[in-house]
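*Asks:* Here you go, one structure.
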There are 2 protein chains.
Amino acid sequence: MVPDLPSYECSCGRSYAPSVERWRCDCGGLLELPPVALTWNPRPGDHSLWRYEDAIPVPGRALSLGEGMTPLVEASLDGDESGVRLKIEYASPTGSFKDRGAVMLVTLARLLGATRLVADSSGNAGTAVAAYAARAGLAAEIFVPSGTSEKKLHQIRGHGSRVTVVDGSREDTAKAAAERVDATGAFYASHVYNPYFYEGTKTYALEVFEQLGEVAPATLVLPAGNGTLVLGAYLGFAGLRAAGLIDRLPRIVAVQAERCSPVASAFAAGSHHVEPVLPEATVAEGIAIAAPARGARMLEIVRETGGSVVTVSEDEIARSHAALAARGLWVEPTGAVAYAAVRRLRAEGSPFVEGDVVAPLCGSGLKASL
Amino acid sequence: MVPDLPSYECSCGRSYAPSVERWRCDCGGLLELPPVALTWNPRPGDHSLWRYEDAIPVPGRALSLGEGMTPLVEASLDGDESGVRLKIEYASPTGSFKDRGAVMLVTLARLLGATRLVADSSGNAGTAVAAYAARAGLAAEIFVPSGTSEKKLHQIRGHGSRVTVVDGSREDTAKAAAERVDATGAFYASHVYNPYFYEGTKTYALEVFEQLGEVAPATLVLPAGNGTLVLGAYLGFAGLRAAGLIDRLPRIVAVQAERCSPVASAFAAGSHHVEPVLPEATVAEGIAIAAPARGARMLEIVRETGGSVVTVSEDEIARSHAALAARGLWVEPTGAVAYAAVRRLRAEGSPFVEGDVVAPLCGSGLKASL
């Protein structure tokens with residue numbers, strides 16, 4: 001019944017067929033699905049990411065809420081930001097790009113015969129997993145750090161998931177979730193550990209490629225916390241290149257909030273691994289990850305593509321949020337981060353944003369409390 | 001420069017070329033754009049409502065935020081609601097189906113040379129007009145009744161619109177807006193008075209038709225306050241019939257909240273016009289319209305299509321909201337109204353919901369306060 005699913009691979013050389021219980025390597029390492037040449041065969045009548053079904057290893061169409069195929073629009077109609085395009089990821093079923101990955105993980109869990117899921121998230125990933133678990137009829141438990149807004153808890157519970165509030169940091173929350181997984185044998189629907197998540201965020205790249213007329217932009221500017229979009233977008237363009245559809249990868253410019261920027265610090269230092277930081281509070285809470293598990297991979301990707309890792313200040317985020325709103329675009333603060341970097345880099349005349357630039361607007365402004 | 005735009009027509013026989021100032025007939029009557037046979041020529045590469053550009057009298061593609069082409073999904077995956085499909089209208093740029101009409105009105109305003117817009121709304125239409133006005137670089141003033149949530153006012157102001165709070169009812173708010181229009185010569189971007197709005201909501205019908213494989217469903221169940229979807233969906237299917245693409249119109253079942261149901265009362269009484277009611281408070285605030293200006297037209301449409309007007313209780317709305325959430329679908333309370341009617345009618349074995357049924361989920365649950 002289970003279709004051929006690609007195996008998890010670890011850099012230590014081990015590989016594993018996907019199973020309900022498996023979420024990391026016996027060596028403790030992270031599991032990956034290496035990039036493969038993808039089959040480019042978009043289904044004309046499909047207006048969701050499932051138009052790329054032939055490029056996706058998971059048969060998730062049945063579970064779909066129509067996620068993906070989000071609009072790609074000019075940043076500005078008055079011509080002063082020619083070449084900058086924004087992808088309205090917030091026009092998604094649960095209001096963020098995390099739906100792309102959540103539908104993959106929940107489909108995988110169901111295929112493998114899981115009956116219970118565990119996830120940890122301070123926000124968008126948690127509501128996305130809760131929504132798709134509900135759609136699939138699977139029980140889910142979502143671990144959130146204390147301080148998560150009542151509004152989000154209300155939604156997660158509304159979808160029938162159990163909420164477990166962890167009195168501690170984002171990292172403590174992940175640890176508690178992993179312990180629950182190991183203790184109960186639940187499927188760990190983790191956007192950090194399960195690489196099938198990136199097979200979903202990969203479709204961001206495929207859509208950009210198709211929406212630009214089957215060409216790659218010069219630069220992708222992407223917010224980076226745990227790096228789900230950086231890793232996914234890379235997989236997509238690497239798959240297109242391996243299939244001979246493009247010659248070179250777009251530069252990937254990863255963006256962090258100045259107040260929580262471990263990847264940017266490592267990049268600036270020329271390092272190949274990321275040291276945890278003590279984060280300060282930032283409005284970009286969706287990417288405030290002090291110890292990103294896949295930080296080293298992000299550094300590799302940015303370097304391979306000739307990109308960079310940059311930071312934006314709280315003030316820049318606020319001003320970009322206002323600039324987007326003044327153009328009819330309504331995002332949560334984290335959703336303004338990539339555009340803030342585009343503005344700054346273009347104002348500086350940075351070579352990283354020469355040519356066509358695409359940045360995502362990841363989460364809906366309706367998610368922000370008020 | 002201005003393309004051929006269809007003229008406004010009044011049932012008194014007068015007609016008018018669209019202009020900035022014109023929003024009602026000299027006789028005081030409502031202006032309409034009568035149904036016409038439409039050109040069915042969907043653009044394959046377009047994943048917004050602009051794929052139906054040839055069926056839309058307004059050249060609004062330039063202003064688009066990618067509105068439309070929302071997902072159509074099975075109500076339930078477990079087979080117990082076979083034949084019931086839900087259209088996820090809340091996965092829209094501003095989180096509601098009102099984007100379909102707002103893009104038309106703002107485009108029309110710009111074509112006509114307007115520099116200022118006025119609109120009145122208690123919610124979704126106001127934020128949609130504010131967003132598209134911002135996108136177009138036009139000044140807008142949005143009139144809202146007192147009691148409108150701070151969250152909505154924050155968004156409208158964020159888009160650069162001026163907010164004018166009217167100390168009175170929804171009807172008082174509309175009156176204040178109309179007075180401002182007449183006093184200042186602003187363009188009245190009204191989803192009630194300007195029939196170009198329905199050329200936008202018309203695309204709801206075109207999408208349903210295409211997504212079902214170019215057939216009409218047996219029944220459309222639609223929420224009805226001012227009737228923007230009822231009128232638009234009718235226009236769409238009437239246009240498809242006039243073009244010879246379908247033989248019969250789907251039944252249109254309009255749904256009102258029991259606590260504010262002037263159209264349902266008129267329908268039940270066999271009347272051809274709608275008497276205003278004194279509404280009680282309802283969670284379905286988005287359709288709590290005590291004196292719908294186009295009530296008589298709604299009655300005609302429902303009767304012509306062999307449909308009905310039904311009401312749902314507060315309890316039914318709440319239970320349907322919970323049932324949707326338990327299936328991964330997150331709507332504001334008004335967004336659960338149509339589905340509540342589907343559930344009740346199917347439980348009763350009503351002939352109105354025999355065959356394929358499509359109902360919209362109009363507004364995002366993220367819009368609801370909490």
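Quick note on naming: the chains in the structure tokens go A, B, ... in the order shown, residues restart at 1 in each chain, and ligands are numbered from 1 in order of appearance.
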Write down, as a ChimeraX atom specification, each residue of chain B that has any atom within 7 Å of an atom of chain A, counting only C-alpha atoms.
*Replies:* /B:44,47,65-66,71,73,91-93,131-132,134-135,151,158-160,322,325-329,366-367,370
*Asks:* For the alpha helix (DSSP H) assignment from backbone DSSP, which residues of segment 57-274 of chain A qualify? Please present them as a PyMOL selection string.
*Replies:* chain A and resi 98-112+124-136+150-158+170-184+196-211+228-242+262-268
*Asks:* Residues near segment 23-35 of chain B, anyone? I mean within 8 Å using only C-alpha atoms, not counting same-chain ones fewer than 3 positions away, as an mmCIF file with N, CA and C atoms, in the first residue's frame.
*Replies:*
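Ended up saving to around_25.cif:
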data_model
loop_
_atom_site.group_PDB
_atom_site.id
_atom_site.type_symbol
_atom_site.label_atom_id
_atom_site.label_comp_id
_atom_site.auth_asym_id
_atom_site.auth_seq_id
_atom_site.Cartn_x
_atom_site.Cartn_y
_atom_site.Cartn_z
ATOM 1 N N PRO B 6 -19.439 48.653 -19.822
ATOM 2 C CA PRO B 6 -20.895 48.520 -19.903
ATOM 3 C C PRO B 6 -21.580 49.636 -19.110
ATOM 4 N N SER B 7 -22.719 50.067 -19.598
ATOM 5 C CA SER B 7 -23.453 51.136 -18.920
ATOM 6 C C SER B 7 -24.247 50.605 -17.745
ATOM 7 N N TYR B 8 -24.370 51.470 -16.752
ATOM 8 C CA TYR B 8 -25.290 51.194 -15.646
ATOM 9 C C TYR B 8 -26.713 51.271 -16.189
ATOM 10 N N GLU B 9 -27.575 50.390 -15.757
ATOM 11 C CA GLU B 9 -28.985 50.460 -16.155
ATOM 12 C C GLU B 9 -29.877 50.427 -14.929
ATOM 13 N N CYS B 10 -30.982 51.152 -15.017
ATOM 14 C CA CYS B 10 -31.967 51.144 -13.934
ATOM 15 C C CYS B 10 -33.258 50.528 -14.467
ATOM 16 N N SER B 11 -34.010 49.932 -13.593
ATOM 17 C CA SER B 11 -35.265 49.314 -14.038
ATOM 18 C C SER B 11 -36.269 50.362 -14.533
ATOM 19 N N CYS B 12 -36.028 51.649 -14.244
ATOM 20 C CA CYS B 12 -36.907 52.710 -14.745
ATOM 21 C C CYS B 12 -36.665 52.987 -16.227
ATOM 22 N N ARG B 14 -33.684 54.246 -17.496
ATOM 23 C CA ARG B 14 -32.523 55.105 -17.706
ATOM 24 C C ARG B 14 -31.248 54.264 -17.750
ATOM 25 N N TYR B 188 -17.771 56.287 -5.067
ATOM 26 C CA TYR B 188 -18.373 55.473 -4.007
ATOM 27 C C TYR B 188 -18.083 53.994 -4.305
ATOM 28 N N TYR B 193 -24.092 49.344 -3.852
ATOM 29 C CA TYR B 193 -24.632 50.160 -4.938
ATOM 30 C C TYR B 193 -23.942 49.976 -6.278
ATOM 31 N N ASN B 194 -22.646 49.715 -6.261
ATOM 32 C CA ASN B 194 -21.953 49.662 -7.550
ATOM 33 C C ASN B 194 -21.988 48.248 -8.134
ATOM 34 N N PRO B 195 -22.691 48.074 -9.256
ATOM 35 C CA PRO B 195 -22.872 46.710 -9.791
ATOM 36 C C PRO B 195 -21.600 46.101 -10.360
ATOM 37 N N TYR B 196 -20.572 46.892 -10.566
ATOM 38 C CA TYR B 196 -19.310 46.301 -11.002
ATOM 39 C C TYR B 196 -18.741 45.361 -9.937
ATOM 40 N N LEU B 235 -25.113 36.036 -11.755
ATOM 41 C CA LEU B 235 -24.580 36.637 -12.990
ATOM 42 C C LEU B 235 -23.674 35.669 -13.736
ATOM 43 N N ALA B 238 -25.796 32.687 -15.074
ATOM 44 C CA ALA B 238 -26.680 33.194 -16.133
ATOM 45 C C ALA B 238 -25.862 33.497 -17.385
ATOM 46 N N GLY B 239 -24.652 34.021 -17.198
ATOM 47 C CA GLY B 239 -23.779 34.302 -18.341
ATOM 48 C C GLY B 239 -23.323 33.030 -19.035
ATOM 49 N N ARG B 294 -30.704 45.376 -2.072
ATOM 50 C CA ARG B 294 -31.025 44.541 -3.231
ATOM 51 C C ARG B 294 -31.811 43.293 -2.834
#
*Asks:* For a test of reading the model, state the distance in Å between atom CA of Glu53 of chain B and atom CA of Gly244 of chain B, rounded to one decimal.
*Replies:*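 So the answer is 18.6 Å.
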*Asks:* Using only C-alpha atoms, which protein or nucleic acid residues come within 8 Å of Tyr339 of chain A? Drop anything in the same chain fewer than 2 positions from it, and give the result as a VMD selection string.
*Replies:* chain A and resid 221 320 336 to 337 341 to 343 359 to 361
*Asks:* Near Val192 of chain A, counting only C-alpha atoms, which residues have an atom at most 8 Å away, once you skip same-chain residues fewer than 5 positions from it, shown as a PyMOL selection string?
*Replies:* chain A and resi 226+228+293-294
*Asks:* Pick the closest to Pro223 of chain A from A:Val166, A:Leu138, A:Leu249, A:Ala284: which is it, counting only C-alpha atoms?
*Replies:*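 Counting only C-alpha atoms, the residue closest to Pro223 of chain A is A:Ala284.
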*Asks:* With only C-alpha atoms as the basis for distance, which of A:Val353, A:Val255, A:Cys260, A:Ala125 is at the shortest distance from Ala102 of chain A?
*Replies:*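 Comparing A:Val353, A:Val255, A:Cys260, A:Ala125 against Ala102 of chain A, the winner is A:Ala125.
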*Asks:* Quick one, how far is atom CA of Val312 of chain A from atom CA of Ser190 of chain A?
*Replies:*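 These two atoms are separated by 27.0 Å.
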*Asks:* Considering only C-alpha atoms, can you say which of B:Ala224, B:Ala139, B:Ala216, B:Val274 comes closest to Ala189 of chain B?
*Replies:*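 Smallest separation from Ala189 of chain B among the options: B:Ala139.
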*Asks:* So that I can check the secondary structure, give me every residue of segment 101-252 of chain B assigned strand (DSSP E) by backbone DSSP, as a list in words.
*Replies:* Arg116, Leu117, Val118, Ala119, Asp120, Ala139, Ala140, Glu141, Ile142, Phe143, Val144, Pro145, Arg162, Val163, Thr164, Val165, Val166, Phe187, Tyr188, Thr219, Leu220, Val221, Leu222, Pro223, Arg251 and Ile252 of chain B
